[in-house]
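J.: Handing you a structure now.
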Number of protein chains: 2
Amino acid sequence: MTIKPPRKPLIPGWLLVVLAGLLVFGLGVLASSINERRAESKLARVQFLQPLDEWESDPAKWGVSFPRQFISWESTRDAATRPSFLPESTGDYLAQRPELVVLWAGYSFTKAYNKPRGHYHAVEDVTATPRVDASTPATCWTCKSPDVPRLMARDGVEAFYANSFDHYRSEITNPIACLDCHDPQTMALRISRPGLAEAFQRQGQDVTQASHQEMRTLVCAQCHVEYYFKGKEANHLTFPWDQGLTVENFKQYYERSGHVDWVHAISGAPMIKMQHPDYELSRAGIHAFRGVSCADCHMPYTSEGGLKYSDHGVRSPLMNASTACQVCHRWSEADVRTRVLSIQGTTRAALSRAERVLAEAHLEIGDALSLGATDAELEGVRHQISVAQMYWDYVASSNGLGFHAPQESARILGRAVDLAQECRLETQRIRARKGELRPLEMPDISTKEKAQAFIQPYLEAQKAAAAGK
Amino acid sequence: MTIKPPRKPLIPGWLLVVLAGLLVFGLGVLASSINERRAESKLARVQFLQPLDEWESDPAKWGVSFPRQFISWESTRDAATRPSFLPESTGDYLAQRPELVVLWAGYSFTKAYNKPRGHYHAVEDVTATPRVDASTPATCWTCKSPDVPRLMARDGVEAFYANSFDHYRSEITNPIACLDCHDPQTMALRISRPGLAEAFQRQGQDVTQASHQEMRTLVCAQCHVEYYFKGKEANHLTFPWDQGLTVENFKQYYERSGHVDWVHAISGAPMIKMQHPDYELSRAGIHAFRGVSCADCHMPYTSEGGLKYSDHGVRSPLMNASTACQVCHRWSEADVRTRVLSIQGTTRAALSRAERVLAEAHLEIGDALSLGATDAELEGVRHQISVAQMYWDYVASSNGLGFHAPQESARILGRAVDLAQECRLETQRIRARKGELRPLEMPDISTKEKAQAFIQPYLEAQKAAAAGK
């Protein structure tokens, strides 16, 4: 076989001349366009039309110099933070999943647990929830308002935490906004709350050394994390990060610390309520692994004319997939939705199964107690159910329904069910020793009201026992 | 504030002239390079130096016209199909996970179960395994050799399946190669085995209508799937796909069909052995969702000079991450490895946990039997353990250790453990009714030999019972 050389060049000379002419013209147009955009983009530089006070907590004052960021922040007033086609986008979680009432028996979450709203509503919602009462410490304000850093600076961090929630009601008015994440003099991202900085320090790290891209995650991690109030009177907001960020690390931490959030009213188990370990769970996911920050998806860069700014309307990326997802994922929006729905649907099913098994385990321990089992006999199973529920809650209380780390969420929920089933096996043996060989008949807890009515006698018995002590 | 217009254009006129000159030169170079590569690429067109017979099963004959594909296919002779830093890259799985011996008690897999080798070894390995004996049907040849299509055409598909394995030993010599996936006249991809085409047909689909990109997955799906031998004498190789491809669909299919692979020697449960549902499991993963074919990663396009060809050395993509992974993922190879290891490590841990719980469940049912429980009493728990093990095996027997669908694998393994634990709960109640309230003490099955010795009496009792029938 011989290879013939091509008879004539692929691109003839005259075409090259025409192409070159077109290119000269194109370069001219480009130069002109660049010059125009440069003029326009001068507006986007950090420059203040009005200087800001070092404790300025009113977002409207910041909005004078940064109107786009302010207007987008203000959009978090809108009710929807998640598109309606996603699960858990609406309503009252206790009504949707009445097992939660059993899981939290003895804790304030059985009173109300609703879907989250935007940053704009932070102060409004924390003051309205029936979970807050006269015994609530000021620590609960920590993540709710840019008025907090000023009050912490004035009173001292320890004194702030040790005060009551009611003590600061009149001084805390602005919901989560600019000063929570920005330096008012330079607009640089900065950490304004002690919890994150302290957690870094205990691990021998210095949070002030983080890069700008890391800060676009860490300012969120000031609040979207697991934490607890350390010390009965001190109520020091503390991240249980000393062993690491996984749920196994948290189990180890809490076992060492001996901290207990509440004693379960039915099973008598010492319980830990997870908050929302969004940051921790997301560390196991592919987005974090690839260096994507929280802000990249939840506050995506947006263009207006020649200006690029970060959209401060923090919400589900699927509310604006074109700027949040499709910048990296060149997929159709329909494909993005399908994939997210598949991941979240799988997580939702695993959560529901875990909720059922956990409720059964609490009720069976409660039954063993009523059959005469002693605290000594029940110590092991109470520990097991406590750990199982902590595992479940690590995923359940996180935003994103497993999307931030699909495999890790499925793994943890599998372990939660496994641990709860081990607990049930042992409880079954205890019940058998007390003469009960049959499975426990589950009560009707098919609605929130029925579940709340079911736990009521247990709550009263617990109160009576506490009063009698 | 006023916006000043820029005083001079960003790109001056003289620079434009220079740039235009450079571009004219560049275009000339480009045109010349294109012409050179065109000449070279003529070699890459499908053209035969020597025509192929319609049943040509010897890959060396195909290699005359397609040397690059042949040489890369031949590389599957090399022992390593997975890089050594991955789990399960070496050795004897029964020695590594002795629980498997208990899980498969009564089935041939307890004799030997080793890591897979490359396509080159298919015939050699199937004739050497102690799992094959005089009772093995010819159906076991189906996926092992390109000699099979010729023999099926000659004898008829039904007659082929109904024959014995030994019947064809002398006529089957070539391992998995060219004719299994290619038309020898056109080199087009085509389906050579009946199983996949029949499964498509039963779902009202026509596999011959698949696109080229789909075929780059479907030729693999002829063999890398779950299947069973339908009919006691017919041994018709059948995919259980009528309800769909998930493990739940398979459960439904096998429950309807009543098919049983073997009766467990310890628990007496009717068992199904999953084969390697690689295709089915991968459907749930992100790569399949994005239209990536099996060949894209396992037979990636490779360049030699101006020639591009598909690397036929089918193996782990991590053996050649630069062509397999990094074409799409612009990550460092170290990052790719880290991520794969993390996914596979998580799956491996979940598999091990499931193996432990499944072994416990079989042994506890066996104990209930020895305590006098009747078949009627045990029917429910035997069904539960059978389903639980099928779920585990769907992931365990798949290649890729969960990588093909990390969330789905974690979900399924979570369900497997959950089902096995439900089974153990009920078995515990049955044992309690027979007077046994204590947990079962687990035998020492810490090595393959100990586990094999442990199951031996059960195998003998089962054989004796079968002989006595």
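Chain labels follow the order of the structure tokens: the first chain is A, the next B, and so on; residue numbering restarts at 1 in every chain, and ligands are counted from 1 in their shown order.
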Where does chain A meet chain B within 8 Å, residue by residue, with the nearest atom pair and distance in Å to one decimal for each, counting only C-alpha atoms, listed by chain and rising number, as a tab-separated table?
T.:
```
residue	atom	partner	partner_atom	distance
A:Ile3	CA	B:Ala39	CA	7.0
A:Lys4	CA	B:Ala39	CA	7.6
A:Pro5	CA	B:Ala39	CA	6.9
A:Pro6	CA	B:Asn35	CA	7.1
A:Pro9	CA	B:Asn35	CA	7.2
A:Leu10	CA	B:Ala31	CA	6.3
A:Ile11	CA	B:Ala31	CA	6.1
A:Leu16	CA	B:Val24	CA	6.6
A:Val17	CA	B:Val24	CA	7.5
A:Ala20	CA	B:Val24	CA	6.0
A:Gly21	CA	B:Ala20	CA	7.9
A:Leu23	CA	B:Ala20	CA	7.0
A:Val24	CA	B:Ala20	CA	6.0
A:Leu27	CA	B:Leu16	CA	7.2
A:Gly28	CA	B:Leu16	CA	7.9
A:Ala31	CA	B:Ile11	CA	6.0
A:Ser32	CA	B:Pro9	CA	7.3
A:Ile34	CA	B:Leu10	CA	7.8
A:Asn35	CA	B:Leu10	CA	6.5
A:Ala39	CA	B:Pro5	CA	6.9
A:Ile343	CA	B:Gln407	CA	7.8
A:Thr346	CA	B:Arg411	CA	7.6
A:Ala350	CA	B:Arg411	CA	7.5
A:Pro406	CA	B:Gln407	CA	5.5
A:Gln407	CA	B:Gln407	CA	4.1
A:Glu408	CA	B:Gln407	CA	7.7
A:Ala410	CA	B:Arg411	CA	5.4
A:Arg411	CA	B:Ala410	CA	5.4
A:Leu413	CA	B:Gly414	CA	7.4
A:Gly414	CA	B:Gly414	CA	4.0
A:Arg415	CA	B:Gly414	CA	7.1
A:Val417	CA	B:Asp418	CA	6.4
A:Asp418	CA	B:Asp418	CA	6.1
A:Gln421	CA	B:Gln421	CA	6.0
A:Glu422	CA	B:Gln421	CA	7.4
A:Arg424	CA	B:Leu425	CA	7.5
A:Leu425	CA	B:Leu425	CA	5.5
A:Gln428	CA	B:Leu425	CA	7.5
A:Arg429	CA	B:Leu437	CA	6.0
A:Ala432	CA	B:Leu437	CA	6.7
A:Arg433	CA	B:Leu437	CA	6.9
A:Leu437	CA	B:Arg429	CA	6.1
A:Arg438	CA	B:Arg429	CA	7.1
```
J.: From a DSSP pass on the backbone, collect the residues of region 34-272 of chain A flagged as strand (DSSP E or B) and hand them back as a compact mmCIF listing (two decimals) with N, CA and C atoms, in the first residue's frame.
T.:
```txt
# COMPACT_ATOMS: atom_id res chain seq x y z
N ASP A 92 -44.26 21.31 57.92
CA ASP A 92 -44.08 20.93 59.31
C ASP A 92 -43.53 19.51 59.33
N ASN A 114 -39.87 22.90 61.91
CA ASN A 114 -40.36 23.27 60.58
C ASN A 114 -39.21 23.43 59.61
N PRO A 137 -30.55 29.88 77.13
CA PRO A 137 -29.38 30.76 77.33
C PRO A 137 -29.16 31.68 76.11
N SER A 164 -28.96 35.14 79.89
CA SER A 164 -30.16 34.49 79.37
C SER A 164 -30.49 35.02 77.97
N HIS A 182 -18.20 39.74 56.90
CA HIS A 182 -17.32 40.73 56.28
C HIS A 182 -16.71 41.71 57.28
N LEU A 189 -13.48 38.76 53.82
CA LEU A 189 -14.19 37.78 54.63
C LEU A 189 -13.43 37.58 55.93
N TYR A 228 -22.37 22.18 70.64
CA TYR A 228 -23.16 21.98 71.87
C TYR A 228 -22.77 23.06 72.85
N PHE A 229 -23.56 23.17 73.91
CA PHE A 229 -23.31 24.20 74.93
C PHE A 229 -22.55 23.53 76.08
N LYS A 230 -21.30 23.88 76.20
CA LYS A 230 -20.44 23.21 77.17
C LYS A 230 -20.56 23.87 78.54
N HIS A 236 -21.06 27.43 76.99
CA HIS A 236 -20.07 27.86 76.00
C HIS A 236 -20.27 27.10 74.70
N LEU A 237 -20.54 27.84 73.64
CA LEU A 237 -20.80 27.21 72.34
C LEU A 237 -19.52 26.55 71.84
N THR A 238 -19.57 25.21 71.69
CA THR A 238 -18.37 24.42 71.41
C THR A 238 -18.62 23.45 70.27
N TRP A 262 -30.20 15.55 76.61
CA TRP A 262 -31.41 15.26 77.39
C TRP A 262 -31.53 13.76 77.63
N VAL A 263 -32.37 13.42 78.61
CA VAL A 263 -32.63 12.00 78.86
C VAL A 263 -33.95 11.65 78.19
N PRO A 270 -29.52 8.40 77.53
CA PRO A 270 -28.88 9.72 77.52
C PRO A 270 -28.64 10.15 76.07
N MET A 271 -29.27 11.23 75.62
CA MET A 271 -29.30 11.55 74.20
C MET A 271 -28.46 12.78 73.84
```
J.: Would you please work out which residue, of B:Tyr161, B:Tyr301, B:Trp55, B:Tyr168, is nearest to Pro194 (chain B) when using only C-alpha atoms?
T.: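 Looking at the shortest contact to Pro194 (chain B), the residue is B:Tyr161.
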J.: How many Å lie between CA of Cys140 (chain B) and CA of Gly156 (chain B), rounded to one decimal?
T.: 15.9 Å
J.: Restricting the calculation to only C-alpha atoms, which member of B:Val219, B:Ile385, B:Met390, B:Ala80 is positioned closest to Phe250 (chain B)?
T.: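 Selected residue with least distance to Phe250 (chain B): B:Met390.
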J.: Region 346-407 of chain A: which residues are alpha helix (DSSP H) by DSSP, as a PyMOL selection string?
T.: chain A and resi 346-370+375-396+406-407
J.: Env of Met299 (chain B): 8 Å cut, atoms = only C-alpha atoms, seq-sep filter 2 positions within chain, self excluded. Answer as a PyMOL selection string.
T.: chain B and resi 294-297+301+310-315+324
J.: Which distance in Å separates CA of Asp155 (chain A) and CA of Ile176 (chain A), to one decimal?
T.: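 It comes out at 20.2 Å.
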J.: So which residues touch region 372-379 of chain B within 10 Å, counting only C-alpha atoms, skipping near sequence neighbours fewer than 2 positions away, as an MDAnalysis selection string?
T.: chainID B and resid 267:270 365:370 381:384 426:427 430:431 433:434
J.: So how far away is CA of Asn174 (chain B) from CA of Asp147 (chain B), in Å?
T.: 6.6 Å
J.: I'd like the contact shell of region 200-216 of chain B - 9 Å cut-off, only C-alpha atoms, skipping same-chain residues fewer than 4 positions apart - returned as number ranges by chain.
T.: B: 188-191, 195-196, 220, 241-244, 291-296
J.: Hey, what's within 9 Å of region 65-75 of chain B if we count only C-alpha atoms and toss same-chain stuff fewer than 2 positions away? As a PyMOL selection string, please?
T.: chain B and resi 46-51+59-63+77-78+118-120+177-178+309-314
J.: Could you save those same residues with C-alpha atoms as a tab-separated table (two decimals), in the first residue's frame?
T.:
```tsv
chain	number	residue	atom	x	y	z
B	46	VAL	CA	-11.25	0.08	8.78
B	47	GLN	CA	-9.47	-1.83	6.06
B	48	PHE	CA	-8.55	-5.47	5.97
B	49	LEU	CA	-5.11	-6.68	5.02
B	50	GLN	CA	-6.63	-10.15	5.12
B	51	PRO	CA	-10.38	-10.99	5.11
B	59	PRO	CA	-7.71	-13.05	17.85
B	60	ALA	CA	-4.30	-13.34	16.14
B	61	LYS	CA	-6.05	-13.54	12.75
B	62	TRP	CA	-7.86	-10.30	13.50
B	63	GLY	CA	-4.58	-8.83	14.67
B	77	ARG	CA	-2.50	-11.76	29.80
B	78	ASP	CA	-0.69	-9.74	32.46
B	118	GLY	CA	-7.97	-10.58	32.36
B	119	HIS	CA	-10.00	-11.70	29.32
B	120	TYR	CA	-6.95	-13.58	28.02
B	177	ALA	CA	-11.77	-11.70	22.20
B	178	CYS	CA	-12.69	-9.94	18.97
B	309	TYR	CA	-7.70	3.69	18.73
B	310	SER	CA	-9.55	2.08	21.61
B	311	ASP	CA	-7.19	0.34	24.04
B	312	HIS	CA	-8.42	-3.28	24.16
B	313	GLY	CA	-6.48	-4.12	27.34
B	314	VAL	CA	-9.67	-4.16	29.44
```
